[in-house]
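Raw contents of coords_39.json, JSON, C-alpha atoms and all ligand atoms:
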```json
[["chain", "number", "residue", "atom", "x", "y", "z"],
["A", 186, "MET", "CA", 140.97, 281.97, 226.64],
["A", 187, "VAL", "CA", 142.74, 281.49, 229.95],
["A", 188, "ILE", "CA", 140.20, 282.52, 232.55],
["A", 189, "SER", "CA", 141.35, 285.22, 234.92],
["A", 190, "PRO", "CA", 140.95, 283.96, 238.47],
["A", 191, "GLU", "CA", 138.71, 286.83, 239.52],
["A", 192, "THR", "CA", 136.04, 285.66, 237.09],
["A", 193, "ILE", "CA", 135.80, 281.99, 237.92],
["A", 194, "LYS", "CA", 134.33, 280.50, 241.05],
["A", 195, "LEU", "CA", 134.74, 276.87, 241.95],
["A", 196, "GLN", "CA", 130.98, 276.55, 242.52],
["A", 197, "ASP", "CA", 130.44, 277.57, 238.88],
["A", 198, "CYS", "CA", 132.74, 274.85, 237.49],
["A", 199, "LYS", "CA", 131.13, 271.64, 236.25],
["A", 200, "LEU", "CA", 131.69, 268.51, 238.27],
["A", 201, "ARG", "CA", 134.27, 266.08, 236.90],
["A", 202, "GLN", "CA", 134.46, 262.33, 237.23],
["A", 203, "GLU", "CA", 137.84, 261.33, 238.74],
["A", 204, "PRO", "CA", 139.79, 258.60, 236.93],
["A", 205, "LYS", "CA", 140.40, 255.48, 239.02],
["A", 206, "SER", "CA", 143.18, 253.71, 237.10],
["A", 207, "ILE", "CA", 146.84, 254.51, 236.53],
["A", 208, "LEU", "CA", 149.18, 254.20, 233.56],
["A", 209, "MET", "CA", 152.82, 253.45, 234.36],
["A", 210, "CYS", "CA", 155.65, 252.75, 231.93],
["A", 211, "GLY", "CA", 158.37, 250.13, 232.41],
["A", 212, "CYS", "CA", 161.75, 251.41, 233.57],
["A", 213, "ASP", "CA", 164.08, 248.99, 231.70],
["A", 214, "TYR", "CA", 165.84, 251.87, 229.92],
["A", 215, "PHE", "CA", 165.57, 254.49, 232.65],
["A", 216, "ASP", "CA", 168.76, 256.53, 233.10],
["A", 217, "VAL", "CA", 170.10, 260.02, 233.72],
["A", 218, "ILE", "CA", 172.30, 260.99, 230.78],
["A", 219, "ASP", "CA", 171.87, 264.77, 230.64],
["A", 220, "SER", "CA", 170.64, 267.59, 232.85],
["A", 221, "LYS", "CA", 167.09, 268.76, 232.10],
["A", 222, "ASN", "CA", 166.50, 270.00, 235.66],
["A", 223, "PRO", "CA", 168.66, 270.77, 238.75],
["A", 224, "PHE", "CA", 168.27, 267.22, 240.15],
["A", 225, "MET", "CA", 169.87, 265.58, 237.12],
["A", 226, "ASN", "CA", 173.59, 265.21, 237.44],
["A", 227, "PRO", "CA", 174.73, 262.31, 235.26],
["A", 228, "ASN", "CA", 178.36, 262.37, 236.45],
["A", 229, "ILE", "CA", 177.73, 262.46, 240.19],
["A", 230, "ASN", "CA", 174.29, 260.97, 240.74],
["A", 231, "LYS", "CA", 174.41, 257.72, 238.78],
["A", 232, "VAL", "CA", 171.28, 255.59, 238.59],
["A", 233, "ASP", "CA", 171.36, 252.11, 240.16],
["A", 234, "ILE", "CA", 169.09, 250.41, 237.62],
["A", 235, "ASN", "CA", 168.47, 247.33, 239.75],
["A", 236, "LEU", "CA", 167.40, 249.47, 242.68],
["A", 237, "ALA", "CA", 165.26, 251.59, 240.32],
["A", 238, "LYS", "CA", 163.52, 248.43, 239.05],
["A", 239, "HIS", "CA", 162.90, 247.31, 242.63],
["A", 240, "GLN", "CA", 161.45, 250.72, 243.61],
["A", 241, "TRP", "CA", 159.24, 250.78, 240.50],
["A", 242, "GLN", "CA", 157.95, 247.29, 241.36],
["A", 243, "GLU", "CA", 157.20, 248.30, 244.95],
["A", 244, "LEU", "CA", 155.23, 251.33, 243.74],
["A", 245, "TYR", "CA", 153.29, 249.15, 241.29],
["A", 246, "LYS", "CA", 152.53, 246.65, 244.09],
["A", 247, "LEU", "CA", 151.38, 249.36, 246.51],
["A", 248, "LEU", "CA", 148.99, 250.85, 243.94],
["A", 249, "THR", "CA", 147.43, 247.49, 243.20],
["A", 250, "VAL", "CA", 147.15, 246.61, 246.90],
["A", 251, "LEU", "CA", 145.24, 249.87, 247.39],
["A", 252, "GLY", "CA", 142.78, 248.71, 244.72],
["A", 253, "ILE", "CA", 143.99, 250.80, 241.78],
["A", 254, "LYS", "CA", 143.99, 249.14, 238.35],
["A", 255, "VAL", "CA", 147.44, 249.75, 236.84],
["A", 256, "PHE", "CA", 148.13, 249.59, 233.10],
["A", 257, "VAL", "CA", 151.76, 249.27, 232.01],
["A", 258, "LEU", "CA", 153.21, 250.61, 228.79],
["A", 259, "ASP", "CA", 156.37, 248.87, 227.51],
["A", 260, "ALA", "CA", 159.57, 250.89, 227.87],
["A", 261, "VAL", "CA", 161.36, 251.85, 224.65],
["A", 262, "ALA", "CA", 165.16, 251.81, 224.20],
["A", 263, "ASN", "CA", 166.85, 255.25, 224.08],
["A", 264, "LEU", "CA", 163.87, 256.95, 225.76],
["A", 265, "GLU", "CA", 165.39, 257.15, 229.23],
["A", 266, "ASP", "CA", 162.72, 259.52, 230.63],
["A", 267, "MET", "CA", 159.69, 257.65, 229.26],
["A", 268, "VAL", "CA", 159.03, 256.10, 232.69],
["A", 269, "PHE", "CA", 157.64, 259.48, 233.80],
["A", 270, "THR", "CA", 154.13, 258.98, 232.42],
["A", 271, "ALA", "CA", 152.72, 262.20, 233.88],
["A", 272, "ASN", "CA", 154.15, 264.32, 231.08],
["A", 273, "GLN", "CA", 153.24, 263.12, 227.58],
["A", 274, "VAL", "CA", 149.49, 263.88, 227.58],
["A", 275, "LEU", "CA", 146.76, 265.66, 229.51],
["A", 276, "VAL", "CA", 143.88, 263.29, 230.31],
["A", 277, "GLY", "CA", 140.28, 264.47, 230.63],
["A", 278, "ASN", "CA", 136.64, 263.43, 230.37],
["A", 279, "ASN", "CA", 133.46, 265.41, 229.90],
["A", 280, "ALA", "CA", 129.95, 264.85, 228.59],
["A", 281, "SER", "CA", 130.56, 266.22, 225.09],
["A", 282, "LEU", "CA", 134.08, 264.89, 224.42],
["A", 283, "GLY", "CA", 133.99, 261.62, 226.40],
["A", 284, "ASN", "CA", 137.50, 260.44, 227.31],
["A", 285, "TYR", "CA", 140.12, 262.60, 225.65],
["A", 286, "VAL", "CA", 143.82, 263.50, 225.69],
["A", 287, "VAL", "CA", 145.78, 266.55, 224.68],
["A", 288, "ALA", "CA", 149.23, 265.47, 223.49],
["A", 289, "ALA", "CA", 152.11, 267.42, 225.00],
["A", 290, "ASN", "CA", 154.83, 269.33, 223.20],
["A", 291, "MET", "CA", 157.92, 268.81, 225.33],
["A", 292, "LYS", "CA", 160.78, 271.23, 225.81],
["A", 293, "TYR", "CA", 163.42, 268.55, 225.18],
["A", 294, "GLU", "CA", 163.57, 266.69, 221.89],
["A", 295, "SER", "CA", 164.33, 263.29, 223.43],
["A", 296, "ARG", "CA", 161.11, 263.57, 225.42],
["A", 297, "ASN", "CA", 159.06, 264.55, 222.36],
["A", 298, "ARG", "CA", 159.93, 261.15, 220.90],
["A", 299, "GLU", "CA", 158.00, 259.52, 223.77],
["A", 300, "ILE", "CA", 154.69, 261.08, 222.79],
["A", 301, "PRO", "CA", 153.65, 258.85, 219.83],
["A", 302, "TYR", "CA", 153.80, 255.75, 222.07],
["A", 303, "PHE", "CA", 151.34, 257.39, 224.44],
["A", 304, "VAL", "CA", 149.04, 258.68, 221.71],
["A", 305, "GLN", "CA", 148.95, 255.17, 220.29],
["A", 306, "TRP", "CA", 148.01, 253.72, 223.70],
["A", 307, "PHE", "CA", 145.18, 256.21, 224.16],
["A", 308, "LYS", "CA", 143.89, 255.63, 220.61],
["A", 309, "ALA", "CA", 143.81, 251.91, 221.34],
["A", 310, "HIS", "CA", 141.76, 252.69, 224.44],
["A", 311, "ASN", "CA", 139.25, 254.76, 222.46],
["A", 312, "TYR", "CA", 140.24, 258.21, 223.66],
["A", 313, "LYS", "CA", 139.73, 261.25, 221.44],
["A", 314, "ILE", "CA", 143.05, 262.88, 220.56],
["A", 315, "LEU", "CA", 142.26, 266.60, 220.60],
["A", 316, "ASN", "CA", 145.44, 267.83, 218.94],
["A", 317, "GLU", "CA", 147.19, 265.39, 216.61],
["A", 318, "HIS", "CA", 149.34, 268.22, 215.24],
["A", 319, "TYR", "CA", 150.30, 269.91, 218.46],
["A", 320, "ALA", "CA", 153.86, 268.63, 218.16],
["A", 321, "ASN", "CA", 154.33, 270.71, 215.01],
["A", 322, "GLU", "CA", 153.90, 273.86, 217.05],
["A", 323, "SER", "CA", 156.70, 276.41, 217.38],
["A", 324, "VAL", "CA", 159.51, 275.92, 219.91],
["A", 325, "ASP", "CA", 158.04, 278.44, 222.35],
["A", 326, "CYS", "CA", 154.75, 276.53, 222.47],
["A", 327, "ILE", "CA", 155.57, 273.99, 225.19],
["A", 328, "PHE", "CA", 152.98, 272.02, 227.16],
["A", 329, "GLU", "CA", 154.20, 269.20, 229.43],
["A", 330, "GLY", "CA", 150.96, 267.40, 230.31],
["A", 331, "HIS", "CA", 150.31, 266.59, 233.96],
["A", 332, "GLY", "CA", 153.82, 267.67, 234.94],
["A", 333, "ASP", "CA", 152.38, 271.17, 234.77],
["A", 334, "ALA", "CA", 148.60, 270.61, 234.61],
["A", 335, "LEU", "CA", 146.61, 269.37, 237.60],
["A", 336, "TRP", "CA", 142.84, 269.10, 237.79],
["A", 337, "HIS", "CA", 141.04, 270.62, 240.73],
["A", 338, "PRO", "CA", 139.63, 267.50, 242.50],
["A", 339, "ASN", "CA", 136.15, 266.60, 241.22],
["A", 340, "HIS", "CA", 135.88, 269.79, 239.12],
["A", 341, "GLU", "CA", 136.32, 270.92, 235.54],
["A", 342, "LEU", "CA", 138.99, 273.42, 236.51],
["A", 343, "LEU", "CA", 142.60, 272.98, 235.46],
["A", 344, "TRP", "CA", 145.61, 274.48, 237.26],
["A", 345, "VAL", "CA", 148.61, 274.94, 234.95],
["A", 346, "GLY", "CA", 152.15, 276.00, 235.92],
["A", 347, "PHE", "CA", 154.49, 278.00, 233.71],
["A", 348, "GLY", "CA", 157.98, 279.42, 234.09],
["A", 349, "TYR", "CA", 160.35, 276.53, 233.33],
["A", 350, "ARG", "CA", 158.66, 274.06, 230.98],
["A", 351, "SER", "CA", 155.10, 274.82, 229.78],
["A", 352, "THR", "CA", 154.77, 278.26, 228.20],
["A", 353, "LYS", "CA", 151.92, 280.76, 228.40],
["A", 354, "LYS", "CA", 151.57, 280.61, 224.62],
["A", 355, "ALA", "CA", 150.83, 276.88, 224.73],
["A", 356, "ILE", "CA", 148.64, 277.09, 227.82],
["A", 357, "ALA", "CA", 146.47, 279.71, 226.10],
["A", 358, "LYS", "CA", 145.31, 277.04, 223.63],
["A", 359, "VAL", "CA", 144.25, 274.55, 226.29],
["A", 360, "PRO", "CA", 140.86, 275.94, 227.51],
["A", 361, "GLU", "CA", 139.37, 275.86, 224.03],
["A", 362, "LEU", "CA", 140.62, 272.33, 223.39],
["A", 363, "ILE", "CA", 139.26, 270.92, 226.64],
["A", 364, "GLN", "CA", 136.25, 273.25, 226.97],
["A", 365, "ALA", "CA", 137.11, 274.01, 230.59],
["A", 366, "PRO", "CA", 138.62, 276.94, 232.46],
["A", 367, "VAL", "CA", 142.33, 277.12, 233.20],
["A", 368, "ILE", "CA", 144.13, 279.11, 235.90],
["A", 369, "THR", "CA", 147.85, 279.67, 235.37],
["A", 370, "LEU", "CA", 150.40, 279.61, 238.20],
["A", 371, "GLU", "CA", 153.83, 281.20, 237.96],
["A", 372, "LEU", "CA", 156.78, 279.04, 239.10],
["A", 373, "VAL", "CA", 159.83, 280.98, 240.31],
["A", 374, "ASP", "CA", 162.32, 278.38, 241.66],
["A", 375, "ALA", "CA", 164.11, 276.09, 239.18],
["A", 376, "ASN", "CA", 164.11, 273.20, 241.68],
["A", 377, "PHE", "CA", 160.32, 273.18, 241.29],
["A", 378, "TYR", "CA", 160.33, 273.25, 237.50],
["A", 379, "HIS", "CA", 157.03, 271.36, 237.09],
["A", 380, "LEU", "CA", 153.81, 272.21, 238.94],
["A", 381, "ASP", "CA", 153.53, 268.68, 240.34],
["A", 382, "THR", "CA", 156.80, 269.15, 242.26],
["A", 383, "CYS", "CA", 155.28, 271.82, 244.53],
["A", 384, "PHE", "CA", 151.44, 271.72, 244.23],
["A", 385, "PHE", "CA", 149.24, 268.81, 245.24],
["A", 386, "PRO", "CA", 145.46, 269.32, 245.44],
["A", 387, "ILE", "CA", 144.31, 266.59, 247.84],
["A", 388, "ASP", "CA", 140.60, 267.28, 247.73],
["A", 389, "GLU", "CA", 138.43, 270.17, 246.63],
["A", 390, "ASN", "CA", 139.18, 272.21, 249.77],
["A", 391, "THR", "CA", 142.70, 271.07, 250.58],
["A", 392, "LEU", "CA", 146.01, 271.84, 248.93],
["A", 393, "MET", "CA", 149.45, 270.64, 249.98],
["A", 394, "TYR", "CA", 152.11, 272.94, 248.52],
["A", 395, "TYR", "CA", 155.44, 274.73, 248.83],
["A", 396, "PRO", "CA", 154.52, 278.46, 248.70],
["A", 397, "GLU", "CA", 158.01, 279.76, 247.89],
["A", 398, "ALA", "CA", 158.00, 277.95, 244.57],
["A", 399, "PHE", "CA", 155.40, 280.49, 243.36],
["A", 400, "SER", "CA", 155.32, 284.22, 242.68],
["A", 401, "LYS", "CA", 153.52, 286.50, 245.15],
["A", 402, "LYS", "CA", 150.61, 287.03, 242.76],
["A", 403, "THR", "CA", 150.21, 283.28, 242.29],
["A", 404, "ASN", "CA", 150.26, 282.70, 246.06],
["A", 405, "ASP", "CA", 147.36, 285.15, 246.40],
["A", 406, "ILE", "CA", 145.35, 283.27, 243.77],
["A", 407, "ILE", "CA", 146.01, 279.91, 245.45],
["A", 408, "CYS", "CA", 144.70, 281.22, 248.80],
["A", 409, "GLN", "CA", 141.44, 282.31, 247.15],
["A", 410, "TYR", "CA", 140.58, 278.76, 246.09],
["A", 411, "PHE", "CA", 141.66, 276.38, 248.86],
["A", 412, "LYS", "CA", 140.28, 276.64, 252.40],
["A", 413, "ASN", "CA", 142.85, 274.25, 253.90],
["A", 414, "LEU", "CA", 146.51, 274.72, 253.10],
["A", 415, "VAL", "CA", 149.16, 272.19, 254.12],
["A", 416, "VAL", "CA", 152.47, 274.03, 253.82],
["A", 417, "VAL", "CA", 155.51, 271.85, 253.16],
["A", 418, "SER", "CA", 159.01, 272.88, 254.32],
["A", 419, "ARG", "CA", 161.75, 273.47, 251.74],
["A", 420, "LYS", "CA", 163.61, 270.40, 252.98],
["A", 421, "GLU", "CA", 160.64, 268.09, 252.43],
["A", 422, "ALA", "CA", 159.57, 269.83, 249.22],
["A", 423, "LEU", "CA", 163.05, 269.08, 247.84],
["A", 424, "ASN", "CA", 162.45, 265.49, 248.96],
["A", 425, "PHE", "CA", 159.40, 265.40, 246.62],
["A", 426, "ALA", "CA", 156.78, 265.56, 249.39],
["A", 427, "CYS", "CA", 154.38, 267.44, 247.09],
["A", 428, "ASN", "CA", 154.89, 264.94, 244.26],
["A", 429, "SER", "CA", 152.31, 262.69, 245.91],
["A", 430, "ILE", "CA", 149.06, 261.13, 244.77],
["A", 431, "VAL", "CA", 145.84, 260.32, 246.60],
["A", 432, "PHE", "CA", 143.39, 257.46, 246.23],
["A", 433, "ASN", "CA", 140.25, 257.43, 248.37],
["A", 434, "ASP", "CA", 141.75, 259.00, 251.50],
["A", 435, "THR", "CA", 145.22, 257.44, 251.34],
["A", 436, "ILE", "CA", 148.06, 259.72, 250.31],
["A", 437, "ILE", "CA", 151.01, 257.96, 248.69],
["A", 438, "ILE", "CA", 154.10, 259.96, 249.54],
["A", 439, "GLN", "CA", 157.88, 259.69, 249.15],
["A", 440, "SER", "CA", 159.39, 258.25, 252.36],
["A", 441, "GLY", "CA", 161.35, 260.51, 254.70],
["A", 442, "ASN", "CA", 158.83, 263.35, 254.73],
["A", 443, "ASN", "CA", 157.94, 262.96, 258.40],
["A", 444, "ASN", "CA", 156.68, 266.47, 259.17],
["A", 445, "THR", "CA", 154.37, 266.44, 256.16],
["A", 446, "VAL", "CA", 153.08, 262.98, 257.08],
["A", 447, "ASP", "CA", 152.35, 264.17, 260.66],
["A", 448, "ALA", "CA", 150.44, 267.19, 259.33],
["A", 449, "LEU", "CA", 148.41, 264.99, 256.95],
["A", 450, "GLN", "CA", 147.59, 262.43, 259.64],
["A", 451, "LYS", "CA", 146.42, 265.22, 261.98],
["A", 452, "LEU", "CA", 143.98, 266.24, 259.25],
["A", 453, "GLY", "CA", 142.65, 262.67, 259.16],
["A", 454, "TYR", "CA", 144.34, 261.36, 256.00],
["A", 455, "LYS", "CA", 145.97, 257.94, 255.85],
["A", 456, "THR", "CA", 149.44, 257.88, 254.36],
["A", 457, "ALA", "CA", 151.53, 255.23, 252.62],
["A", 458, "GLY", "CA", 155.24, 256.02, 252.35],
["A", 459, "ILE", "CA", 157.34, 254.58, 249.56],
["A", 460, "ASP", "CA", 160.88, 255.27, 248.30],
["A", 461, "VAL", "CA", 161.41, 256.14, 244.64],
["A", 462, "GLY", "CA", 164.79, 257.78, 245.31],
["A", 463, "GLU", "CA", 166.46, 256.47, 242.13],
["A", 464, "PHE", "CA", 163.88, 258.36, 240.05],
["A", 465, "MET", "CA", 164.41, 261.54, 242.08],
["A", 466, "LYS", "CA", 167.92, 261.58, 240.58],
["A", 467, "SER", "CA", 166.07, 262.45, 237.36],
["A", 468, "GLY", "CA", 163.85, 265.05, 239.07],
["A", 469, "GLY", "CA", 160.81, 262.78, 239.25],
["A", 470, "GLY", "CA", 158.81, 261.25, 242.10],
["A", 471, "ILE", "CA", 155.60, 259.30, 242.65],
["A", 472, "SER", "CA", 153.27, 261.67, 240.80],
["A", 473, "CYS", "CA", 155.65, 261.82, 237.81],
["A", 474, "LEU", "CA", 155.67, 258.01, 237.57],
["A", 475, "THR", "CA", 151.88, 257.67, 237.54],
["A", 476, "LEU", "CA", 149.24, 258.97, 235.15],
["A", 477, "TRP", "CA", 145.57, 258.84, 236.13],
["A", 478, "VAL", "CA", 143.46, 257.36, 233.33],
["A", 479, "TYR", "CA", 139.81, 256.38, 232.84],
["A", 501, "LIG", "N1", 163.82, 263.90, 233.86],
["A", 501, "LIG", "C1", 162.47, 264.27, 233.59],
["A", 501, "LIG", "C2", 162.44, 265.65, 232.96],
["A", 501, "LIG", "O1", 163.22, 266.49, 233.36],
["A", 501, "LIG", "C3", 161.66, 264.24, 234.84],
["A", 501, "LIG", "C4", 160.20, 264.47, 234.63],
["A", 501, "LIG", "C5", 159.44, 264.56, 235.90],
["A", 501, "LIG", "N2", 158.05, 264.58, 235.71],
["A", 501, "LIG", "C6", 157.17, 265.32, 236.39],
["A", 501, "LIG", "N3", 155.91, 265.12, 236.19],
["A", 501, "LIG", "N4", 157.55, 266.30, 237.18],
["A", 501, "LIG", "O2", 161.67, 265.93, 232.06]]
```

Will you turn the file into structure tokens for me?
Ligand code: ARG
Amino acid sequence: MVISPETIKLQDCKLRQEPKSILMCGCDYFDVIDSKNPFMNPNINKVDINLAKHQWQELYKLLTVLGIKVFVLDAVANLEDMVFTANQVLVGNNASLGNYVVAANMKYESRNREIPYFVQWFKAHNYKILNEHYANESVDCIFEGHGDALWHPNHELLWVGFGYRSTKKAIAKVPELIQAPVITLELVDANFYHLDTCFFPIDENTLMYYPEAFSKKTNDIICQYFKNLVVVSRKEALNFACNSIVFNDTIIIQSGNNNTVDALQKLGYKTAGIDVGEFMKSGGGISCLTLWVY
């Protein structure tokens, strides 16, 4: 059952061990050939593949310099979105299940074809696959992994967005699979079609987010759980400011988000800016290109 927010307190959630490594996927076949979200415009916004490869390499380098172990999955021809590793599975760990994944069921067929390559990788790394048959679910049972599902830092509490990709029907199955509570968040602006485009929990008390991407009711829930809120402007939210990741106390953020960076530095965080603009043409930023793994 999806837990209603009134009944779950953060203090009651079990503690969770944070993963310290990242899985990326090569970008050899990355392209924008259709329009799955408002950023994708194959006729106007063509991808410069050499620049994309350079940006991917710079991101990889930055992660390793920061001390993150990065695994790389080989790209597969005709899977132009496979580089966005945040979507194909949900990754978790707890005492009874050990390391596990829940395989996604993507809205778009081309993206569903990416999933077996990820499941295979996680099997090879001894993860439990909690739902081998999830992909046989009905068309209204969509779950897009960490595009829409973000763990509360250090806690067994999962935030899941719905409205554009993941559906409430699919999300309802998640708590039982992962044996942890889930709070759902309603997305109301198509530019912020995945939760990780507008919601970035930095630590257990601090959330960076773009409030207007969420319904009023969802905004009220968010305020109940995070003491410190870093509000991002529409301009910087559209520049993927919230699609950031954090390691120790360094926040890795798309370049050009100067107001957000100032706000973060005032709060004592270090920041590392990097440009993944070619991938933004596909509606994906830093968080979409990186999957935290154990
Ligand atoms: N073009 C991809 C899609 O629309 C982008 C995925 C971005 N991933 C993310 N985690 N937000 O599916």

Atom CA of A:Ile459 to atom CA of A:Leu414, straight-line distance in Å:
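Answer for the atom CA of A:Leu414 to atom CA of A:Ile459 separation: 23.1 Å.
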
To one decimal place in Å, what is the distance between atom CA of A:Asp388 and atom CA of A:Gly330?
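Computing it gives 20.3 Å between the two atoms.
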
A straight line from atom CA of A:Ala365 to atom CA of A:Gly470 spans 27.7 Å

Compare A:Thr249, A:Asn316, A:Asn376, A:Asn413 by their minimum atom-to-atom distance to ligand LIG 501 (chain A), counting all atoms listed in the file, and give me the closest one.
A:Asn376

How close does each residue of chain A get to ligand LIG 501 (chain A), giving the shortest atom pair and distance in Å to one decimal for every residue with an atom at most 7 Å away, counting all atoms listed in the file, sorted by chain and residue number, as a tab-separated table?
```
residue	atom	partner	partner_atom	distance
A:Lys221	CA	A:LIG501	O1	4.7
A:Asn222	CA	A:LIG501	O1	5.3
A:Asp266	CA	A:LIG501	N1	5.6
A:Phe269	CA	A:LIG501	N2	5.5
A:Ala271	CA	A:LIG501	N3	4.9
A:Asn272	CA	A:LIG501	N3	5.5
A:His331	CA	A:LIG501	N3	6.2
A:Gly332	CA	A:LIG501	N3	3.5
A:His379	CA	A:LIG501	N4	5.1
A:Asp381	CA	A:LIG501	N4	5.6
A:Thr382	CA	A:LIG501	N4	5.9
A:Ser467	CA	A:LIG501	N1	4.4
A:Gly468	CA	A:LIG501	C3	4.8
A:Gly469	CA	A:LIG501	C5	4.0
A:Ser472	CA	A:LIG501	N3	6.3
A:Cys473	CA	A:LIG501	N3	3.7
```

Applying 10 Å and only C-alpha atoms, which residues near A:Arg296 remain after dropping the ones on its own chain fewer than 2 positions away? List them as a list in words.
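So, after excluding close chain neighbours, the residues are Leu264, Glu265, Asp266, Met267, Phe269, Asn272, Gln273, Ala289, Asn290, Met291, Lys292, Tyr293, Glu294, Arg298, Glu299, Ile300 and Glu329 of chain A.
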
Find, counting all atoms listed in the file, the residue in A:His337, A:Lys451, A:Lys358, A:Lys402 that gets nearest to A:Val415.
A:Lys451

Using all atoms listed in the file, pick whichever of A:Phe385, A:Phe399, A:Tyr285, A:Tyr454 has the shortest atom-to-atom distance to A:Cys427.
A:Phe385

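Here the question is which of A:Tyr349, A:Leu335, A:Thr391, A:Trp241 gets nearest to A:Val367 using only C-alpha atoms, and that residue is A:Leu335.
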
For A:Asn297, the nearest of the candidates A:Cys383, A:Ile363, A:Val274, A:Ala309, counting only C-alpha atoms
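Using only C-alpha atoms, A:Asn297 sits closest to A:Val274.
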
Could you name the residues that touch A:His239 at 12 Å or less, counting only C-alpha atoms, but leaving out those on the same chain fewer than 2 positions away, as a ChimeraX atom specification?
/A:211-213,233-237,241-246,459-464
